[in-house]
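> Got a structure for you, protein.cif, holding mmCIF, N, CA, C and O atoms.
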data_input
#
loop_
_atom_site.label_atom_id
_atom_site.label_comp_id
_atom_site.auth_asym_id
_atom_site.auth_seq_id
_atom_site.Cartn_x
_atom_site.Cartn_y
_atom_site.Cartn_z
N MET E 1 -3.55 5.82 -11.76
CA MET E 1 -4.47 5.00 -11.01
C MET E 1 -3.71 3.89 -10.28
O MET E 1 -2.82 3.25 -10.85
N ALA E 2 -4.05 3.68 -9.04
CA ALA E 2 -3.40 2.64 -8.25
C ALA E 2 -3.74 1.26 -8.80
O ALA E 2 -4.83 1.04 -9.33
N GLN E 3 -2.81 0.35 -8.67
CA GLN E 3 -3.04 -1.03 -9.09
C GLN E 3 -4.00 -1.72 -8.13
O GLN E 3 -4.17 -1.29 -7.00
N THR E 4 -4.57 -2.83 -8.56
CA THR E 4 -5.34 -3.68 -7.68
C THR E 4 -4.46 -4.86 -7.31
O THR E 4 -4.05 -5.63 -8.18
N PHE E 5 -4.14 -4.95 -6.02
CA PHE E 5 -3.34 -6.06 -5.54
C PHE E 5 -4.27 -7.16 -5.04
O PHE E 5 -5.26 -6.88 -4.37
N THR E 6 -3.94 -8.39 -5.37
CA THR E 6 -4.73 -9.55 -4.95
C THR E 6 -3.79 -10.59 -4.35
O THR E 6 -2.57 -10.48 -4.47
N ASP E 7 -4.39 -11.61 -3.75
CA ASP E 7 -3.57 -12.70 -3.22
C ASP E 7 -2.79 -13.38 -4.34
O ASP E 7 -1.70 -13.91 -4.11
N GLU E 8 -3.33 -13.35 -5.56
CA GLU E 8 -2.66 -13.99 -6.69
C GLU E 8 -1.44 -13.23 -7.19
O GLU E 8 -0.49 -13.84 -7.65
N ASN E 9 -1.47 -11.88 -7.11
CA ASN E 9 -0.36 -11.13 -7.72
C ASN E 9 0.59 -10.46 -6.73
O ASN E 9 1.70 -10.09 -7.09
N ILE E 10 0.20 -10.30 -5.48
CA ILE E 10 0.97 -9.46 -4.57
C ILE E 10 2.35 -10.04 -4.23
O ILE E 10 3.32 -9.30 -4.16
N ARG E 11 2.45 -11.33 -4.06
CA ARG E 11 3.76 -11.90 -3.71
C ARG E 11 4.78 -11.71 -4.83
O ARG E 11 5.95 -11.43 -4.58
N ASP E 12 4.33 -11.85 -6.07
CA ASP E 12 5.23 -11.63 -7.21
C ASP E 12 5.65 -10.17 -7.30
O ASP E 12 6.80 -9.87 -7.62
N ILE E 13 4.73 -9.27 -7.01
CA ILE E 13 5.04 -7.84 -7.07
C ILE E 13 6.07 -7.50 -5.99
O ILE E 13 7.05 -6.80 -6.25
N ILE E 14 5.87 -8.00 -4.78
CA ILE E 14 6.83 -7.75 -3.69
C ILE E 14 8.18 -8.37 -4.04
O ILE E 14 9.23 -7.75 -3.86
N ALA E 15 8.17 -9.61 -4.55
CA ALA E 15 9.41 -10.33 -4.87
C ALA E 15 10.21 -9.68 -6.00
O ALA E 15 11.40 -9.95 -6.13
N SER E 16 9.58 -8.80 -6.78
CA SER E 16 10.29 -8.12 -7.87
C SER E 16 11.44 -7.26 -7.36
O SER E 16 12.34 -6.93 -8.11
N GLY E 17 11.39 -6.91 -6.06
CA GLY E 17 12.45 -6.08 -5.48
C GLY E 17 12.19 -4.60 -5.59
O GLY E 17 12.85 -3.79 -4.94
N LYS E 18 11.24 -4.21 -6.43
CA LYS E 18 10.90 -2.79 -6.56
C LYS E 18 10.28 -2.29 -5.26
O LYS E 18 9.71 -3.08 -4.50
N PRO E 19 10.34 -0.98 -5.03
CA PRO E 19 9.59 -0.43 -3.89
C PRO E 19 8.09 -0.65 -4.12
O PRO E 19 7.60 -0.44 -5.22
N VAL E 20 7.40 -1.10 -3.07
CA VAL E 20 5.97 -1.40 -3.16
C VAL E 20 5.25 -0.74 -1.99
O VAL E 20 5.72 -0.81 -0.85
N VAL E 21 4.12 -0.11 -2.30
CA VAL E 21 3.26 0.49 -1.29
C VAL E 21 1.90 -0.20 -1.40
O VAL E 21 1.30 -0.20 -2.46
N ILE E 22 1.45 -0.79 -0.28
CA ILE E 22 0.17 -1.48 -0.27
C ILE E 22 -0.79 -0.74 0.66
O ILE E 22 -0.51 -0.58 1.85
N ASP E 23 -1.90 -0.31 0.09
CA ASP E 23 -2.98 0.34 0.85
C ASP E 23 -4.03 -0.73 1.15
O ASP E 23 -4.72 -1.20 0.26
N PHE E 24 -4.11 -1.14 2.41
CA PHE E 24 -5.13 -2.11 2.84
C PHE E 24 -6.41 -1.33 3.13
O PHE E 24 -6.41 -0.42 3.96
N TRP E 25 -7.50 -1.72 2.46
CA TRP E 25 -8.73 -0.94 2.55
C TRP E 25 -9.95 -1.86 2.44
O TRP E 25 -9.82 -3.07 2.20
N ALA E 26 -11.14 -1.26 2.62
CA ALA E 26 -12.41 -1.96 2.42
C ALA E 26 -13.44 -0.94 1.94
O ALA E 26 -13.32 0.26 2.24
N THR E 27 -14.44 -1.42 1.21
CA THR E 27 -15.44 -0.50 0.66
C THR E 27 -16.25 0.19 1.74
O THR E 27 -16.70 1.31 1.55
N TRP E 28 -16.44 -0.43 2.90
CA TRP E 28 -17.23 0.15 3.98
C TRP E 28 -16.45 1.14 4.84
O TRP E 28 -17.01 1.78 5.72
N CYS E 29 -15.16 1.28 4.58
CA CYS E 29 -14.27 2.14 5.38
C CYS E 29 -14.26 3.56 4.82
O CYS E 29 -13.68 3.81 3.76
N GLY E 30 -14.90 4.48 5.53
CA GLY E 30 -14.96 5.87 5.09
C GLY E 30 -13.59 6.52 4.90
O GLY E 30 -13.34 7.13 3.85
N PRO E 31 -12.70 6.43 5.89
CA PRO E 31 -11.36 7.01 5.70
C PRO E 31 -10.61 6.40 4.51
O PRO E 31 -9.85 7.09 3.84
N CYS E 32 -10.84 5.11 4.25
CA CYS E 32 -10.20 4.45 3.10
C CYS E 32 -10.67 5.09 1.80
O CYS E 32 -9.87 5.39 0.91
N ARG E 33 -11.98 5.29 1.70
CA ARG E 33 -12.53 5.90 0.48
C ARG E 33 -12.06 7.35 0.34
O ARG E 33 -11.80 7.81 -0.76
N ALA E 34 -11.94 8.06 1.46
CA ALA E 34 -11.49 9.44 1.42
C ALA E 34 -10.04 9.55 0.94
O ALA E 34 -9.67 10.52 0.28
N MET E 35 -9.23 8.55 1.26
CA MET E 35 -7.81 8.57 0.86
C MET E 35 -7.59 8.07 -0.56
O MET E 35 -6.51 8.27 -1.12
N ALA E 36 -8.57 7.42 -1.16
CA ALA E 36 -8.40 6.81 -2.48
C ALA E 36 -7.86 7.77 -3.54
O ALA E 36 -6.94 7.41 -4.28
N PRO E 37 -8.37 9.01 -3.63
CA PRO E 37 -7.81 9.93 -4.64
C PRO E 37 -6.32 10.22 -4.42
O PRO E 37 -5.56 10.34 -5.38
N ALA E 38 -5.89 10.32 -3.17
CA ALA E 38 -4.48 10.58 -2.87
C ALA E 38 -3.62 9.39 -3.27
O ALA E 38 -2.53 9.55 -3.85
N ILE E 39 -4.11 8.18 -3.01
CA ILE E 39 -3.37 6.98 -3.40
C ILE E 39 -3.24 6.92 -4.92
O ILE E 39 -2.17 6.64 -5.46
N ASP E 40 -4.34 7.21 -5.62
CA ASP E 40 -4.30 7.21 -7.09
C ASP E 40 -3.34 8.26 -7.63
O ASP E 40 -2.60 8.02 -8.58
N GLN E 41 -3.33 9.44 -7.00
CA GLN E 41 -2.43 10.51 -7.45
C GLN E 41 -0.96 10.10 -7.25
O GLN E 41 -0.13 10.32 -8.13
N LEU E 42 -0.66 9.52 -6.11
CA LEU E 42 0.72 9.08 -5.87
C LEU E 42 1.13 7.98 -6.84
O LEU E 42 2.27 7.95 -7.29
N ALA E 43 0.21 7.07 -7.14
CA ALA E 43 0.52 6.01 -8.11
C ALA E 43 0.90 6.62 -9.45
O ALA E 43 1.81 6.13 -10.12
N GLN E 44 0.23 7.69 -9.82
CA GLN E 44 0.54 8.38 -11.08
C GLN E 44 1.89 9.10 -10.98
O GLN E 44 2.71 9.01 -11.88
N GLU E 45 2.11 9.81 -9.87
CA GLU E 45 3.36 10.56 -9.68
C GLU E 45 4.59 9.66 -9.67
O GLU E 45 5.65 10.04 -10.17
N TYR E 46 4.47 8.49 -9.07
CA TYR E 46 5.62 7.60 -8.90
C TYR E 46 5.62 6.43 -9.89
O TYR E 46 6.37 5.47 -9.70
N GLU E 47 4.81 6.53 -10.92
CA GLU E 47 4.72 5.45 -11.92
C GLU E 47 6.10 5.13 -12.47
O GLU E 47 6.88 6.02 -12.83
N GLY E 48 6.42 3.85 -12.52
CA GLY E 48 7.72 3.41 -13.02
C GLY E 48 8.80 3.35 -11.95
O GLY E 48 9.84 2.74 -12.15
N ARG E 49 8.56 3.98 -10.81
CA ARG E 49 9.55 3.98 -9.73
C ARG E 49 9.07 3.19 -8.51
O ARG E 49 9.88 2.59 -7.80
N VAL E 50 7.76 3.25 -8.24
CA VAL E 50 7.18 2.58 -7.08
C VAL E 50 5.89 1.90 -7.52
O VAL E 50 5.08 2.51 -8.23
N GLU E 51 5.70 0.66 -7.08
CA GLU E 51 4.44 -0.05 -7.33
C GLU E 51 3.48 0.33 -6.21
O GLU E 51 3.72 -0.03 -5.05
N ILE E 52 2.44 1.06 -6.53
CA ILE E 52 1.46 1.51 -5.53
C ILE E 52 0.11 0.91 -5.87
O ILE E 52 -0.36 1.04 -7.00
N GLY E 53 -0.48 0.25 -4.88
CA GLY E 53 -1.77 -0.38 -5.15
C GLY E 53 -2.60 -0.57 -3.91
O GLY E 53 -2.16 -0.34 -2.78
N LYS E 54 -3.83 -1.01 -4.17
CA LYS E 54 -4.82 -1.19 -3.12
C LYS E 54 -5.15 -2.67 -2.98
O LYS E 54 -5.28 -3.38 -3.96
N TYR E 55 -5.29 -3.12 -1.73
CA TYR E 55 -5.59 -4.50 -1.40
C TYR E 55 -6.88 -4.51 -0.59
O TYR E 55 -6.91 -4.03 0.55
N ASN E 56 -7.96 -5.01 -1.18
CA ASN E 56 -9.27 -5.03 -0.53
C ASN E 56 -9.32 -6.21 0.45
O ASN E 56 -9.33 -7.36 0.03
N VAL E 57 -9.37 -5.91 1.75
CA VAL E 57 -9.31 -6.95 2.77
C VAL E 57 -10.58 -7.81 2.80
O VAL E 57 -10.55 -8.92 3.34
N ASP E 58 -11.68 -7.32 2.24
CA ASP E 58 -12.91 -8.11 2.20
C ASP E 58 -12.91 -9.12 1.06
O ASP E 58 -13.55 -10.16 1.14
N GLU E 59 -12.19 -8.81 -0.01
CA GLU E 59 -12.14 -9.71 -1.17
C GLU E 59 -10.92 -10.63 -1.12
O GLU E 59 -10.92 -11.69 -1.74
N GLU E 60 -9.88 -10.21 -0.43
CA GLU E 60 -8.64 -10.98 -0.31
C GLU E 60 -8.38 -11.16 1.18
O GLU E 60 -8.97 -10.47 2.00
N GLY E 61 -7.47 -12.04 1.55
CA GLY E 61 -7.25 -12.19 2.97
C GLY E 61 -5.88 -12.68 3.38
O GLY E 61 -5.46 -12.48 4.51
N ASP E 62 -5.17 -13.34 2.47
CA ASP E 62 -3.89 -13.95 2.85
C ASP E 62 -2.88 -12.94 3.38
O ASP E 62 -2.31 -13.13 4.45
N ILE E 63 -2.65 -11.89 2.63
CA ILE E 63 -1.62 -10.92 3.00
C ILE E 63 -2.04 -10.12 4.24
O ILE E 63 -1.22 -9.85 5.11
N SER E 64 -3.32 -9.74 4.32
CA SER E 64 -3.76 -8.98 5.49
C SER E 64 -3.63 -9.82 6.76
O SER E 64 -3.29 -9.29 7.82
N SER E 65 -3.86 -11.12 6.67
CA SER E 65 -3.67 -12.00 7.83
C SER E 65 -2.18 -12.14 8.15
O SER E 65 -1.77 -12.08 9.31
N GLU E 66 -1.38 -12.34 7.10
CA GLU E 66 0.06 -12.53 7.29
C GLU E 66 0.71 -11.35 8.00
O GLU E 66 1.57 -11.52 8.86
N TYR E 67 0.29 -10.13 7.64
CA TYR E 67 0.88 -8.93 8.23
C TYR E 67 0.03 -8.35 9.35
O TYR E 67 0.27 -7.23 9.79
N ARG E 68 -0.96 -9.11 9.81
CA ARG E 68 -1.79 -8.76 10.96
C ARG E 68 -2.39 -7.37 10.86
O ARG E 68 -2.25 -6.54 11.77
N ILE E 69 -3.07 -7.13 9.75
CA ILE E 69 -3.74 -5.85 9.56
C ILE E 69 -5.00 -5.84 10.41
O ILE E 69 -5.90 -6.65 10.21
N MET E 70 -5.06 -4.94 11.40
CA MET E 70 -6.19 -4.88 12.32
C MET E 70 -7.02 -3.61 12.16
O MET E 70 -8.17 -3.58 12.57
N SER E 71 -6.43 -2.56 11.60
CA SER E 71 -7.11 -1.29 11.42
C SER E 71 -7.04 -0.87 9.97
O SER E 71 -6.06 -1.16 9.29
N LEU E 72 -8.06 -0.16 9.53
CA LEU E 72 -8.09 0.34 8.16
C LEU E 72 -8.27 1.84 8.18
O LEU E 72 -8.98 2.35 9.04
N PRO E 73 -7.65 2.53 7.24
CA PRO E 73 -6.65 2.03 6.32
C PRO E 73 -5.30 1.80 7.00
O PRO E 73 -4.96 2.49 7.95
N THR E 74 -4.57 0.83 6.50
CA THR E 74 -3.18 0.60 6.90
C THR E 74 -2.37 0.55 5.61
O THR E 74 -2.80 -0.05 4.63
N ILE E 75 -1.22 1.20 5.64
CA ILE E 75 -0.34 1.21 4.47
C ILE E 75 1.00 0.64 4.87
O ILE E 75 1.63 1.10 5.83
N LEU E 76 1.42 -0.39 4.13
CA LEU E 76 2.72 -1.02 4.36
C LEU E 76 3.65 -0.72 3.19
O LEU E 76 3.19 -0.55 2.06
N PHE E 77 4.94 -0.70 3.48
CA PHE E 77 5.96 -0.34 2.50
C PHE E 77 6.99 -1.47 2.40
O PHE E 77 7.49 -1.93 3.42
N PHE E 78 7.30 -1.88 1.18
CA PHE E 78 8.24 -2.97 0.92
C PHE E 78 9.35 -2.49 -0.01
O PHE E 78 9.12 -1.64 -0.86
N LYS E 79 10.53 -3.06 0.19
CA LYS E 79 11.65 -2.76 -0.72
C LYS E 79 12.58 -3.96 -0.72
O LYS E 79 12.77 -4.60 0.32
N ASP E 80 13.14 -4.26 -1.86
CA ASP E 80 14.05 -5.39 -2.03
C ASP E 80 13.40 -6.70 -1.59
O ASP E 80 14.06 -7.57 -1.02
N GLY E 81 12.10 -6.80 -1.81
CA GLY E 81 11.38 -8.03 -1.50
C GLY E 81 11.04 -8.23 -0.03
O GLY E 81 10.55 -9.28 0.35
N LYS E 82 11.29 -7.21 0.80
CA LYS E 82 11.05 -7.34 2.24
C LYS E 82 10.22 -6.17 2.75
O LYS E 82 10.33 -5.04 2.27
N LYS E 83 9.42 -6.45 3.79
CA LYS E 83 8.66 -5.39 4.44
C LYS E 83 9.63 -4.50 5.21
O LYS E 83 10.53 -4.98 5.87
N THR E 84 9.43 -3.19 5.08
CA THR E 84 10.25 -2.23 5.82
C THR E 84 9.58 -1.91 7.15
O THR E 84 8.47 -2.36 7.42
N ASP E 85 10.23 -1.09 7.95
CA ASP E 85 9.65 -0.64 9.21
C ASP E 85 8.65 0.50 9.01
O ASP E 85 7.99 0.92 9.96
N LEU E 86 8.56 1.01 7.79
CA LEU E 86 7.62 2.09 7.51
C LEU E 86 6.20 1.53 7.53
O LEU E 86 5.92 0.48 6.96
N ARG E 87 5.29 2.27 8.18
CA ARG E 87 3.90 1.83 8.27
C ARG E 87 3.04 3.03 8.64
O ARG E 87 3.43 3.83 9.48
N LEU E 88 1.90 3.14 8.00
CA LEU E 88 0.95 4.20 8.34
C LEU E 88 -0.40 3.55 8.66
O LEU E 88 -0.82 2.63 7.97
N VAL E 89 -1.05 4.04 9.70
CA VAL E 89 -2.37 3.54 10.09
C VAL E 89 -3.30 4.74 10.24
O VAL E 89 -2.93 5.74 10.86
N GLY E 90 -4.49 4.63 9.67
CA GLY E 90 -5.46 5.71 9.75
C GLY E 90 -5.36 6.65 8.57
O GLY E 90 -4.47 6.52 7.72
N SER E 91 -6.29 7.58 8.52
CA SER E 91 -6.34 8.53 7.42
C SER E 91 -5.08 9.40 7.38
O SER E 91 -4.60 9.82 8.43
N GLN E 92 -4.56 9.63 6.18
CA GLN E 92 -3.31 10.38 6.01
C GLN E 92 -3.49 11.46 4.95
O GLN E 92 -4.23 11.27 3.99
N SER E 93 -2.77 12.55 5.10
CA SER E 93 -2.76 13.58 4.06
C SER E 93 -1.86 13.12 2.93
O SER E 93 -0.97 12.27 3.11
N ILE E 94 -2.06 13.71 1.76
CA ILE E 94 -1.22 13.34 0.62
C ILE E 94 0.24 13.72 0.89
O ILE E 94 1.15 13.01 0.48
N ASP E 95 0.46 14.81 1.62
CA ASP E 95 1.84 15.21 1.93
C ASP E 95 2.53 14.17 2.82
O ASP E 95 3.71 13.87 2.64
N ASN E 96 1.79 13.64 3.80
CA ASN E 96 2.36 12.62 4.68
C ASN E 96 2.62 11.33 3.90
O ASN E 96 3.67 10.69 4.08
N LEU E 97 1.71 10.96 3.02
CA LEU E 97 1.90 9.78 2.18
C LEU E 97 3.13 9.94 1.28
O LEU E 97 3.96 9.05 1.17
N ARG E 98 3.24 11.11 0.66
CA ARG E 98 4.38 11.38 -0.23
C ARG E 98 5.70 11.33 0.54
O ARG E 98 6.70 10.79 0.05
N ALA E 99 5.71 11.86 1.75
CA ALA E 99 6.93 11.84 2.57
C ALA E 99 7.36 10.40 2.88
O ALA E 99 8.55 10.09 2.83
N LYS E 100 6.40 9.52 3.16
CA LYS E 100 6.73 8.12 3.42
C LYS E 100 7.26 7.42 2.16
O LYS E 100 8.17 6.60 2.23
N VAL E 101 6.65 7.74 1.01
CA VAL E 101 7.14 7.15 -0.24
C VAL E 101 8.58 7.60 -0.51
O VAL E 101 9.43 6.80 -0.90
N GLU E 102 8.87 8.86 -0.22
CA GLU E 102 10.23 9.35 -0.39
C GLU E 102 11.19 8.66 0.57
O GLU E 102 12.33 8.35 0.20
N GLN E 103 10.73 8.40 1.81
CA GLN E 103 11.56 7.67 2.76
C GLN E 103 11.84 6.26 2.22
O GLN E 103 12.96 5.76 2.36
N LEU E 104 10.83 5.63 1.67
CA LEU E 104 10.98 4.30 1.09
C LEU E 104 12.03 4.31 -0.02
O LEU E 104 12.91 3.44 -0.07
N LEU E 105 11.97 5.29 -0.88
CA LEU E 105 12.94 5.38 -1.99
C LEU E 105 14.36 5.60 -1.47
O LEU E 105 15.33 5.17 -2.10
N ALA E 106 14.49 6.28 -0.33
CA ALA E 106 15.81 6.58 0.23
C ALA E 106 16.44 5.40 0.97
O ALA E 106 17.63 5.44 1.26
N LEU E 107 15.66 4.38 1.26
CA LEU E 107 16.20 3.21 1.99
C LEU E 107 17.24 2.48 1.17
O LEU E 107 17.15 2.39 -0.03
#
With the file now loaded, output its structure as structure tokens.


Amino acid sequence: MAQTFTDENIRDIIASGKPVVIDFWATWCGPCRAMAPAIDQLAQEYEGRVEIGKYNVDEEGDISSEYRIMSLPTILFFKDGKKTDLRLVGSQSIDNLRAKVEQLLAL
């Protein structure tokens, strides 16, 4: 199951230096809800290697404003405490998500 990222915990998680995948979503976003099972599956597959979680833009706001999230779903990838150039916007297949996570690990 994917973690729940909040304004209170996300900066510490990113600062840990571990690879981090943040799924920016909202309850009213159909594509976000459709992707939720894939995000949860990847969180299980990469447990212990990658921190994968969901950030609800309606309940939280600091990070989504900081990284100028304008479309949902948007997925950002972090490594060594910094945002990478990897980014996905819109609905994604689990294979495409997995490929990006593998790219993140290879950085």

> Apply the PyMOL selection byres (((chain E and resi 83 and name CA) around 12) and name CA) to the displayed file and report the matching residues as a PDB file with N, CA, C and O atoms, in the coordinates of the input.


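In the end it all went to selection.pdb:
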ATOM      1  N   ARG E  11       2.450 -11.330  -4.060  1.00  0.00           N
ATOM      2  CA  ARG E  11       3.760 -11.900  -3.710  1.00  0.00           C
ATOM      3  C   ARG E  11       4.780 -11.710  -4.830  1.00  0.00           C
ATOM      4  O   ARG E  11       5.950 -11.430  -4.580  1.00  0.00           O
ATOM      5  N   ILE E  14       5.870  -8.000  -4.780  1.00  0.00           N
ATOM      6  CA  ILE E  14       6.830  -7.750  -3.690  1.00  0.00           C
ATOM      7  C   ILE E  14       8.180  -8.370  -4.040  1.00  0.00           C
ATOM      8  O   ILE E  14       9.230  -7.750  -3.860  1.00  0.00           O
ATOM      9  N   ALA E  15       8.170  -9.610  -4.550  1.00  0.00           N
ATOM     10  CA  ALA E  15       9.410 -10.330  -4.870  1.00  0.00           C
ATOM     11  C   ALA E  15      10.210  -9.680  -6.000  1.00  0.00           C
ATOM     12  O   ALA E  15      11.400  -9.950  -6.130  1.00  0.00           O
ATOM     13  N   GLY E  17      11.390  -6.910  -6.060  1.00  0.00           N
ATOM     14  CA  GLY E  17      12.450  -6.080  -5.480  1.00  0.00           C
ATOM     15  C   GLY E  17      12.190  -4.600  -5.590  1.00  0.00           C
ATOM     16  O   GLY E  17      12.850  -3.790  -4.940  1.00  0.00           O
ATOM     17  N   LYS E  18      11.240  -4.210  -6.430  1.00  0.00           N
ATOM     18  CA  LYS E  18      10.900  -2.790  -6.560  1.00  0.00           C
ATOM     19  C   LYS E  18      10.280  -2.290  -5.260  1.00  0.00           C
ATOM     20  O   LYS E  18       9.710  -3.080  -4.500  1.00  0.00           O
ATOM     21  N   PRO E  19      10.340  -0.980  -5.030  1.00  0.00           N
ATOM     22  CA  PRO E  19       9.590  -0.430  -3.890  1.00  0.00           C
ATOM     23  C   PRO E  19       8.090  -0.650  -4.120  1.00  0.00           C
ATOM     24  O   PRO E  19       7.600  -0.440  -5.220  1.00  0.00           O
ATOM     25  N   VAL E  20       7.400  -1.100  -3.070  1.00  0.00           N
ATOM     26  CA  VAL E  20       5.970  -1.400  -3.160  1.00  0.00           C
ATOM     27  C   VAL E  20       5.250  -0.740  -1.990  1.00  0.00           C
ATOM     28  O   VAL E  20       5.720  -0.810  -0.850  1.00  0.00           O
ATOM     29  N   VAL E  21       4.120  -0.110  -2.300  1.00  0.00           N
ATOM     30  CA  VAL E  21       3.260   0.490  -1.290  1.00  0.00           C
ATOM     31  C   VAL E  21       1.900  -0.200  -1.400  1.00  0.00           C
ATOM     32  O   VAL E  21       1.300  -0.200  -2.460  1.00  0.00           O
ATOM     33  N   ILE E  22       1.450  -0.790  -0.280  1.00  0.00           N
ATOM     34  CA  ILE E  22       0.170  -1.480  -0.270  1.00  0.00           C
ATOM     35  C   ILE E  22      -0.790  -0.740   0.660  1.00  0.00           C
ATOM     36  O   ILE E  22      -0.510  -0.580   1.850  1.00  0.00           O
ATOM     37  N   ILE E  63      -2.650 -11.890   2.630  1.00  0.00           N
ATOM     38  CA  ILE E  63      -1.620 -10.920   3.000  1.00  0.00           C
ATOM     39  C   ILE E  63      -2.040 -10.120   4.240  1.00  0.00           C
ATOM     40  O   ILE E  63      -1.220  -9.850   5.110  1.00  0.00           O
ATOM     41  N   GLU E  66      -1.380 -12.340   7.100  1.00  0.00           N
ATOM     42  CA  GLU E  66       0.060 -12.530   7.290  1.00  0.00           C
ATOM     43  C   GLU E  66       0.710 -11.350   8.000  1.00  0.00           C
ATOM     44  O   GLU E  66       1.570 -11.520   8.860  1.00  0.00           O
ATOM     45  N   TYR E  67       0.290 -10.130   7.640  1.00  0.00           N
ATOM     46  CA  TYR E  67       0.880  -8.930   8.230  1.00  0.00           C
ATOM     47  C   TYR E  67       0.030  -8.350   9.350  1.00  0.00           C
ATOM     48  O   TYR E  67       0.270  -7.230   9.790  1.00  0.00           O
ATOM     49  N   ILE E  75      -1.220   1.200   5.640  1.00  0.00           N
ATOM     50  CA  ILE E  75      -0.340   1.210   4.470  1.00  0.00           C
ATOM     51  C   ILE E  75       1.000   0.640   4.870  1.00  0.00           C
ATOM     52  O   ILE E  75       1.630   1.100   5.830  1.00  0.00           O
ATOM     53  N   LEU E  76       1.420  -0.390   4.130  1.00  0.00           N
ATOM     54  CA  LEU E  76       2.720  -1.020   4.360  1.00  0.00           C
ATOM     55  C   LEU E  76       3.650  -0.720   3.190  1.00  0.00           C
ATOM     56  O   LEU E  76       3.190  -0.550   2.060  1.00  0.00           O
ATOM     57  N   PHE E  77       4.940  -0.700   3.480  1.00  0.00           N
ATOM     58  CA  PHE E  77       5.960  -0.340   2.500  1.00  0.00           C
ATOM     59  C   PHE E  77       6.990  -1.470   2.400  1.00  0.00           C
ATOM     60  O   PHE E  77       7.490  -1.930   3.420  1.00  0.00           O
ATOM     61  N   PHE E  78       7.300  -1.880   1.180  1.00  0.00           N
ATOM     62  CA  PHE E  78       8.240  -2.970   0.920  1.00  0.00           C
ATOM     63  C   PHE E  78       9.350  -2.490  -0.010  1.00  0.00           C
ATOM     64  O   PHE E  78       9.120  -1.640  -0.860  1.00  0.00           O
ATOM     65  N   LYS E  79      10.530  -3.060   0.190  1.00  0.00           N
ATOM     66  CA  LYS E  79      11.650  -2.760  -0.720  1.00  0.00           C
ATOM     67  C   LYS E  79      12.580  -3.960  -0.720  1.00  0.00           C
ATOM     68  O   LYS E  79      12.770  -4.600   0.320  1.00  0.00           O
ATOM     69  N   ASP E  80      13.140  -4.260  -1.860  1.00  0.00           N
ATOM     70  CA  ASP E  80      14.050  -5.390  -2.030  1.00  0.00           C
ATOM     71  C   ASP E  80      13.400  -6.700  -1.590  1.00  0.00           C
ATOM     72  O   ASP E  80      14.060  -7.570  -1.020  1.00  0.00           O
ATOM     73  N   GLY E  81      12.100  -6.800  -1.810  1.00  0.00           N
ATOM     74  CA  GLY E  81      11.380  -8.030  -1.500  1.00  0.00           C
ATOM     75  C   GLY E  81      11.040  -8.230  -0.030  1.00  0.00           C
ATOM     76  O   GLY E  81      10.550  -9.280   0.350  1.00  0.00           O
ATOM     77  N   LYS E  82      11.290  -7.210   0.800  1.00  0.00           N
ATOM     78  CA  LYS E  82      11.050  -7.340   2.240  1.00  0.00           C
ATOM     79  C   LYS E  82      10.220  -6.170   2.750  1.00  0.00           C
ATOM     80  O   LYS E  82      10.330  -5.040   2.270  1.00  0.00           O
ATOM     81  N   THR E  84       9.430  -3.190   5.080  1.00  0.00           N
ATOM     82  CA  THR E  84      10.250  -2.230   5.820  1.00  0.00           C
ATOM     83  C   THR E  84       9.580  -1.910   7.150  1.00  0.00           C
ATOM     84  O   THR E  84       8.470  -2.360   7.420  1.00  0.00           O
ATOM     85  N   ASP E  85      10.230  -1.090   7.950  1.00  0.00           N
ATOM     86  CA  ASP E  85       9.650  -0.640   9.210  1.00  0.00           C
ATOM     87  C   ASP E  85       8.650   0.500   9.010  1.00  0.00           C
ATOM     88  O   ASP E  85       7.990   0.920   9.960  1.00  0.00           O
ATOM     89  N   LEU E  86       8.560   1.010   7.790  1.00  0.00           N
ATOM     90  CA  LEU E  86       7.620   2.090   7.510  1.00  0.00           C
ATOM     91  C   LEU E  86       6.200   1.530   7.530  1.00  0.00           C
ATOM     92  O   LEU E  86       5.920   0.480   6.960  1.00  0.00           O
ATOM     93  N   ARG E  87       5.290   2.270   8.180  1.00  0.00           N
ATOM     94  CA  ARG E  87       3.900   1.830   8.270  1.00  0.00           C
ATOM     95  C   ARG E  87       3.040   3.030   8.640  1.00  0.00           C
ATOM     96  O   ARG E  87       3.430   3.830   9.480  1.00  0.00           O
ATOM     97  N   LEU E 104      10.830   5.630   1.670  1.00  0.00           N
ATOM     98  CA  LEU E 104      10.980   4.300   1.090  1.00  0.00           C
ATOM     99  C   LEU E 104      12.030   4.310  -0.020  1.00  0.00           C
ATOM    100  O   LEU E 104      12.910   3.440  -0.070  1.00  0.00           O
ATOM    101  N   LEU E 107      15.660   4.380   1.260  1.00  0.00           N
ATOM    102  CA  LEU E 107      16.200   3.210   1.990  1.00  0.00           C
ATOM    103  C   LEU E 107      17.240   2.480   1.170  1.00  0.00           C
ATOM    104  O   LEU E 107      17.150   2.390  -0.030  1.00  0.00           O
TER     105      LEU E 107
END

> Step by step, work through what the PyMOL selection byres (((chain E and resi 43 and name CA) around 12) and name CA) selects in the shown file, and finish by giving those residues as a VMD selection string.

chain E and resid 1 to 4 19 to 23 36 to 42 44 to 54 94 97 to 98 101

> Pull the strand (DSSP E or B) assignments for chain E out of DSSP run on the backbone, and list those residues as JSON, numbers by chain.

{"E": [3, 4, 5, 20, 21, 22, 23, 24, 25, 51, 52, 53, 54, 55, 56, 74, 75, 76, 77, 78, 79, 82, 83, 84, 85, 86, 87, 88, 89]}

> Let me have the centre and edge lengths of the axis-aligned box enclosing all listed atoms of region 81-98 of chain E with 5 Å padding on every side, in Å to one decimal, as AutoDock Vina command-line options.


--center_x 2.9 --center_y 3.0 --center_z 4.5 --size_x 28.4 --size_y 34.5 --size_z 22.7

> Quick one: distance from atom N of Ser71 (chain E) to CA of Phe5 (chain E) in Å, one decimal?

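We find that atom N of Ser71 (chain E) and CA of Phe5 (chain E) lie 17.8 Å from each other.
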
> Please report the interatomic distance between atom C of Val89 (chain E) and CA of Met35 (chain E) in Å with one decimal.

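Computed distance, atom C of Val89 (chain E) to CA of Met35 (chain E), equals 11.1 Å.
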
> I'd like to know which of E:Asn9, E:Glu102, E:Gly30, E:Phe24 is closest to Ile69 (chain E), using all atoms listed in the file.

E:Phe24
